[in-house]
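*Asks:* The following block contains the structure, expressed as structure tokens.
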Amino acid sequence: MQGIKSTVGEVDEVIELVKSTGLLPAVENLDLGYDKPLCSAFAERYYGETDTLHLSFSEMTITPDDAKFITGLSIDGKAVKHKEYAQELEWDKIYAFTKEVFQWDEEGKEVTKERIFATTNAYVLYVLGSVIFPDISGARLNANFIQLLQPFDKIHTYSWGTAILAHSLNELRKAYRAGGNQIRGNMDFLQAWIYLHFPIFAARAFENKEWDGNCYGDMYIYMSKEKDQNAVYLKLRRQLDNLTTKDVVFDP
């Protein structure tokens, strides 16, 4: 029984540590389900030269305020890729960081402070790769992100809202280039932005969730209909061609 109690206690401590990083809102508010036809229809209107979506009535882009409202992440604080951030870590530094954050030297099954931090670091690194900085590699993660885990008590000071925004726009820019045929970045984030500014699209194939009224990304769950995607995609293209300013909420 003592072992079970220790395990439960460890989980509780890990949850509290994850909350302290300020990243948990992104996990909670970006779980809509991926509306592929809708995101693709908007993404093909994206122009990398101006970082704007070219629509029938005007141009629009995603702003830091959008990122804060959708994700619940801070748009204030230190830039994630600040001047001390190494774009390409040398192998020996990656090894040293990994050994430190995952406590490779720790032995035994007892719950220790080091083990709790190692577990928390593993989850935070997963969040960085799957929620904040996802790319077309899928399950792989850029090893350079491991430097953002040290020191742990500074993770909450970063501007994670602007980080997810910058990464999402960069991934749209990559998809815009000639020969690009995959969209990545956090598509739930793009999808929530579309719902926020274009309510006519938020009415299709959804199920309302219990919503606390704080972060828009937590308002809906998308109910996917895989078989109808091609037909829906063509229909959405026509809808985008016929949008007017009456269909847009510029300042939610």
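Just so we're on the same page: first chain in the structure tokens is A, next is B, and so on; residues restart at 1 for each chain, and ligands are numbered from 1 in the order they show up.
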Applying 8 Å and only C-alpha atoms, which residues near Asp35 in chain A remain after dropping the ones on its own chain fewer than 2 positions away? List them as a JSON list (two decimals) with N, CA and C atoms, in the first residue's frame.
*Replies:*
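Heads up, here's the output in around_2.json:
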[["chain", "number", "residue", "atom", "x", "y", "z"],
["A", 33, "GLY", "N", -9.74, 18.71, -31.91],
["A", 33, "GLY", "CA", -9.87, 17.76, -33.02],
["A", 33, "GLY", "C", -9.61, 18.53, -34.30],
["A", 37, "PRO", "N", -10.27, 19.87, -43.66],
["A", 37, "PRO", "CA", -10.72, 20.67, -44.81],
["A", 37, "PRO", "C", -10.74, 22.16, -44.53],
["A", 38, "LEU", "N", -11.22, 22.55, -43.34],
["A", 38, "LEU", "CA", -11.32, 23.97, -43.00],
["A", 38, "LEU", "C", -9.94, 24.61, -42.91],
["A", 39, "CYS", "N", -9.02, 23.96, -42.18],
["A", 39, "CYS", "CA", -7.67, 24.51, -42.04],
["A", 39, "CYS", "C", -6.95, 24.58, -43.38],
["A", 191, "GLN", "N", -7.36, 26.46, -36.23],
["A", 191, "GLN", "CA", -8.79, 26.15, -36.30],
["A", 191, "GLN", "C", -9.58, 27.03, -35.33],
["A", 222, "TYR", "N", -14.46, 19.28, -32.37],
["A", 222, "TYR", "CA", -14.82, 19.02, -33.76],
["A", 222, "TYR", "C", -15.12, 17.55, -33.96],
["A", 224, "SER", "N", -15.23, 14.83, -36.50],
["A", 224, "SER", "CA", -14.70, 14.59, -37.84],
["A", 224, "SER", "C", -15.60, 13.69, -38.69]]
*Asks:* Tell me which protein, DNA and RNA residues are within 10 Å of range 243-248 of chain A, counting only C-alpha atoms, leaving out same-chain ones fewer than 2 positions away, and put them as a list of chain:residue names.
*Replies:* A:Leu55, A:Ser56, A:Phe57, A:Ser58, A:Ile194, A:Tyr195, A:Leu196, A:His197, A:Phe198, A:Pro199, A:Ile200, A:Phe201, A:Arg238, A:Gln239, A:Leu240, A:Asp241, A:Phe250, A:Asp251, A:Pro252
*Asks:* Keeping only C-alpha atoms, write those residues as a CSV table (one decimal), in the first residue's frame.
*Replies:*
chain,number,residue,atom,x,y,z
A,55,LEU,CA,-9.4,36.7,-48.4
A,56,SER,CA,-12.1,38.1,-50.7
A,57,PHE,CA,-12.7,41.3,-48.8
A,58,SER,CA,-9.2,42.0,-47.4
A,194,ILE,CA,-11.0,30.6,-37.7
A,195,TYR,CA,-13.9,29.9,-35.3
A,196,LEU,CA,-13.1,33.0,-33.4
A,197,HIS,CA,-13.2,35.4,-36.4
A,198,PHE,CA,-15.6,33.5,-38.7
A,199,PRO,CA,-18.5,32.2,-36.6
A,200,ILE,CA,-20.2,30.8,-39.7
A,201,PHE,CA,-17.6,28.0,-39.8
A,238,ARG,CA,-16.4,28.5,-52.6
A,239,GLN,CA,-17.5,29.9,-49.2
A,240,LEU,CA,-14.2,31.6,-48.8
A,241,ASP,CA,-14.6,33.2,-52.2
A,250,PHE,CA,-12.5,41.5,-36.5
A,251,ASP,CA,-12.4,42.3,-32.8
A,252,PRO,CA,-13.9,39.5,-30.8
*Asks:* For range 76-81 of chain A, work out the shell of residues within 6 Å, counting only C-alpha atoms and skipping chain neighbours fewer than 3 positions away, then give it as an mmCIF file with C-alpha atoms, in the first residue's frame.
*Replies:*
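Output file result-v4.cif is given in full below:
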data_model
loop_
_atom_site.group_PDB
_atom_site.id
_atom_site.type_symbol
_atom_site.label_atom_id
_atom_site.label_comp_id
_atom_site.auth_asym_id
_atom_site.auth_seq_id
_atom_site.Cartn_x
_atom_site.Cartn_y
_atom_site.Cartn_z
ATOM 1 C CA TYR A 85 19.258 30.210 -26.901
ATOM 2 C CA THR A 157 8.786 33.457 -17.483
ATOM 3 C CA TYR A 158 8.826 32.805 -21.238
ATOM 4 C CA SER A 159 6.312 34.296 -23.663
#
*Asks:* For Pro134 in chain A, find every residue with an atom within 8 Å (counting only C-alpha atoms), except residues of its own chain fewer than 6 positions away, and show them as a PDB file with all heavy atoms, in the first residue's frame.
*Replies:*
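result-v9.pdb, freshly written:
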ATOM      1  N   LEU A 128       6.113  20.606 -25.486  1.00  0.00           N
ATOM      2  CA  LEU A 128       6.809  21.483 -26.435  1.00  0.00           C
ATOM      3  C   LEU A 128       6.751  20.909 -27.849  1.00  0.00           C
ATOM      4  O   LEU A 128       6.534  21.631 -28.823  1.00  0.00           O
ATOM      5  CB  LEU A 128       8.269  21.687 -26.014  1.00  0.00           C
ATOM      6  CG  LEU A 128       8.516  22.444 -24.707  1.00  0.00           C
ATOM      7  CD1 LEU A 128      10.009  22.623 -24.474  1.00  0.00           C
ATOM      8  CD2 LEU A 128       7.817  23.786 -24.710  1.00  0.00           C
ATOM      9  N   ARG A 184       1.725  22.034 -41.056  1.00  0.00           N
ATOM     10  CA  ARG A 184       1.973  21.580 -39.702  1.00  0.00           C
ATOM     11  C   ARG A 184       1.860  22.780 -38.778  1.00  0.00           C
ATOM     12  O   ARG A 184       1.222  23.756 -39.139  1.00  0.00           O
ATOM     13  CB  ARG A 184       3.347  20.893 -39.615  1.00  0.00           C
ATOM     14  CG  ARG A 184       3.528  20.000 -38.384  1.00  0.00           C
ATOM     15  CD  ARG A 184       2.406  19.030 -38.171  1.00  0.00           C
ATOM     16  NE  ARG A 184       2.580  18.241 -36.960  1.00  0.00           N
ATOM     17  CZ  ARG A 184       1.625  17.557 -36.367  1.00  0.00           C
ATOM     18  NH1 ARG A 184       0.408  17.572 -36.858  1.00  0.00           N
ATOM     19  NH2 ARG A 184       1.875  16.864 -35.279  1.00  0.00           N
ATOM     20  N   GLY A 185       2.499  22.732 -37.631  1.00  0.00           N
ATOM     21  CA  GLY A 185       2.198  23.692 -36.604  1.00  0.00           C
ATOM     22  C   GLY A 185       0.991  23.152 -35.850  1.00  0.00           C
ATOM     23  O   GLY A 185       0.505  22.058 -36.126  1.00  0.00           O
ATOM     24  N   ASN A 186       0.476  23.901 -34.907  1.00  0.00           N
ATOM     25  CA  ASN A 186      -0.673  23.434 -34.148  1.00  0.00           C
ATOM     26  C   ASN A 186      -1.944  23.805 -34.898  1.00  0.00           C
ATOM     27  O   ASN A 186      -2.397  24.949 -34.869  1.00  0.00           O
ATOM     28  CB  ASN A 186      -0.684  24.051 -32.747  1.00  0.00           C
ATOM     29  CG  ASN A 186      -1.670  23.355 -31.833  1.00  0.00           C
ATOM     30  OD1 ASN A 186      -2.837  23.222 -32.170  1.00  0.00           O
ATOM     31  ND2 ASN A 186      -1.201  22.908 -30.693  1.00  0.00           N
TER      32      ASN A 186
END
*Asks:* Residues of range 7-246 of chain A classed as strand (DSSP E) by DSSP on the backbone are to be reported as JSON, numbers by chain.
*Replies:* {"A": [46, 47, 52, 53, 54, 59, 60, 206, 207, 208, 220, 221, 222]}
*Asks:* Counting only C-alpha atoms, give me one row per residue of range 118-195 of chain A with an atom at most 9 Å from an atom of range 86-99 of chain A, showing the shortest contact pair and its distance in Å to one decimal, sorted by chain then residue number, as a tab-separated table.
*Replies:*
residue	atom	partner	partner_atom	distance
A:Ala143	CA	A:Ile94	CA	7.0
A:Asn144	CA	A:Leu89	CA	5.9
A:Ile146	CA	A:Phe97	CA	6.8
A:Gln147	CA	A:Phe97	CA	6.7
A:Leu149	CA	A:Phe97	CA	8.7
A:Gln150	CA	A:Phe97	CA	8.0
*Asks:* Got a sec: who's within 9 Å of Ser20 in chain A, counting only C-alpha atoms, leaving out chain neighbours fewer than 4 positions off, as a list of chain:residue names?
*Replies:* A:Ile15, A:Glu16, A:Leu24, A:Asp153, A:Ile155, A:His156
*Asks:* Given the choices A:Phe102, A:Glu114, A:Ala26, A:His54, which gets closest to Glu13 in chain A if the distance is worked out from only C-alpha atoms?
*Replies:*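 Closest candidate: A:Glu114.
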*Asks:* Give me the residues of range 71-171 of chain A that have any atom at most 10 Å from an atom of range 43-53 of chain A; for each, the nearest atom pair and the distance in Å, rounded to one decimal. Use only C-alpha atoms, sort by chain and number, and format it as a Markdown table.
*Replies:*
| residue | atom | partner | partner_atom | distance |
| --- | --- | --- | --- | --- |
| A:Leu169 | CA | A:Asp51 | CA | 7.0 |
| A:Asn170 | CA | A:Gly48 | CA | 8.4 |
| A:Glu171 | CA | A:Gly48 | CA | 9.9 |
*Asks:* Keeping only C-alpha atoms, take the residues you just selected and write them out as a PDB file, in the first residue's frame.
*Replies:*
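Generated file (selection07.pdb):
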ATOM      1  CA  LEU A 169       2.978  31.330 -38.887  1.00  0.00           C
ATOM      2  CA  ASN A 170       6.374  29.901 -39.811  1.00  0.00           C
ATOM      3  CA  GLU A 171       4.838  26.484 -40.548  1.00  0.00           C
TER       4      GLU A 171
END
*Asks:* Range 87-210 of chain A: which residues are alpha helix (DSSP H) by DSSP, as a PyMOL selection string?
*Replies:* chain A and resi 91-101+113-127+160-176+187-197
*Asks:* CA of Ile183 in chain A to CA of Asn242 in chain A: how many Å, to one decimal?
*Replies:*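 Going from CA of Ile183 in chain A over to CA of Asn242 in chain A covers 23.9 Å.
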*Asks:* For CA of Met219 in chain A and CA of Arg237 in chain A, quote the distance in Å rounded to one decimal.
*Replies:*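 For CA of Met219 in chain A relative to CA of Arg237 in chain A, the distance reads 24.7 Å.
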*Asks:* One number please: CA of His167 in chain A to CA of Phe189 in chain A, in Å, one decimal.
*Replies:* 11.0 Å
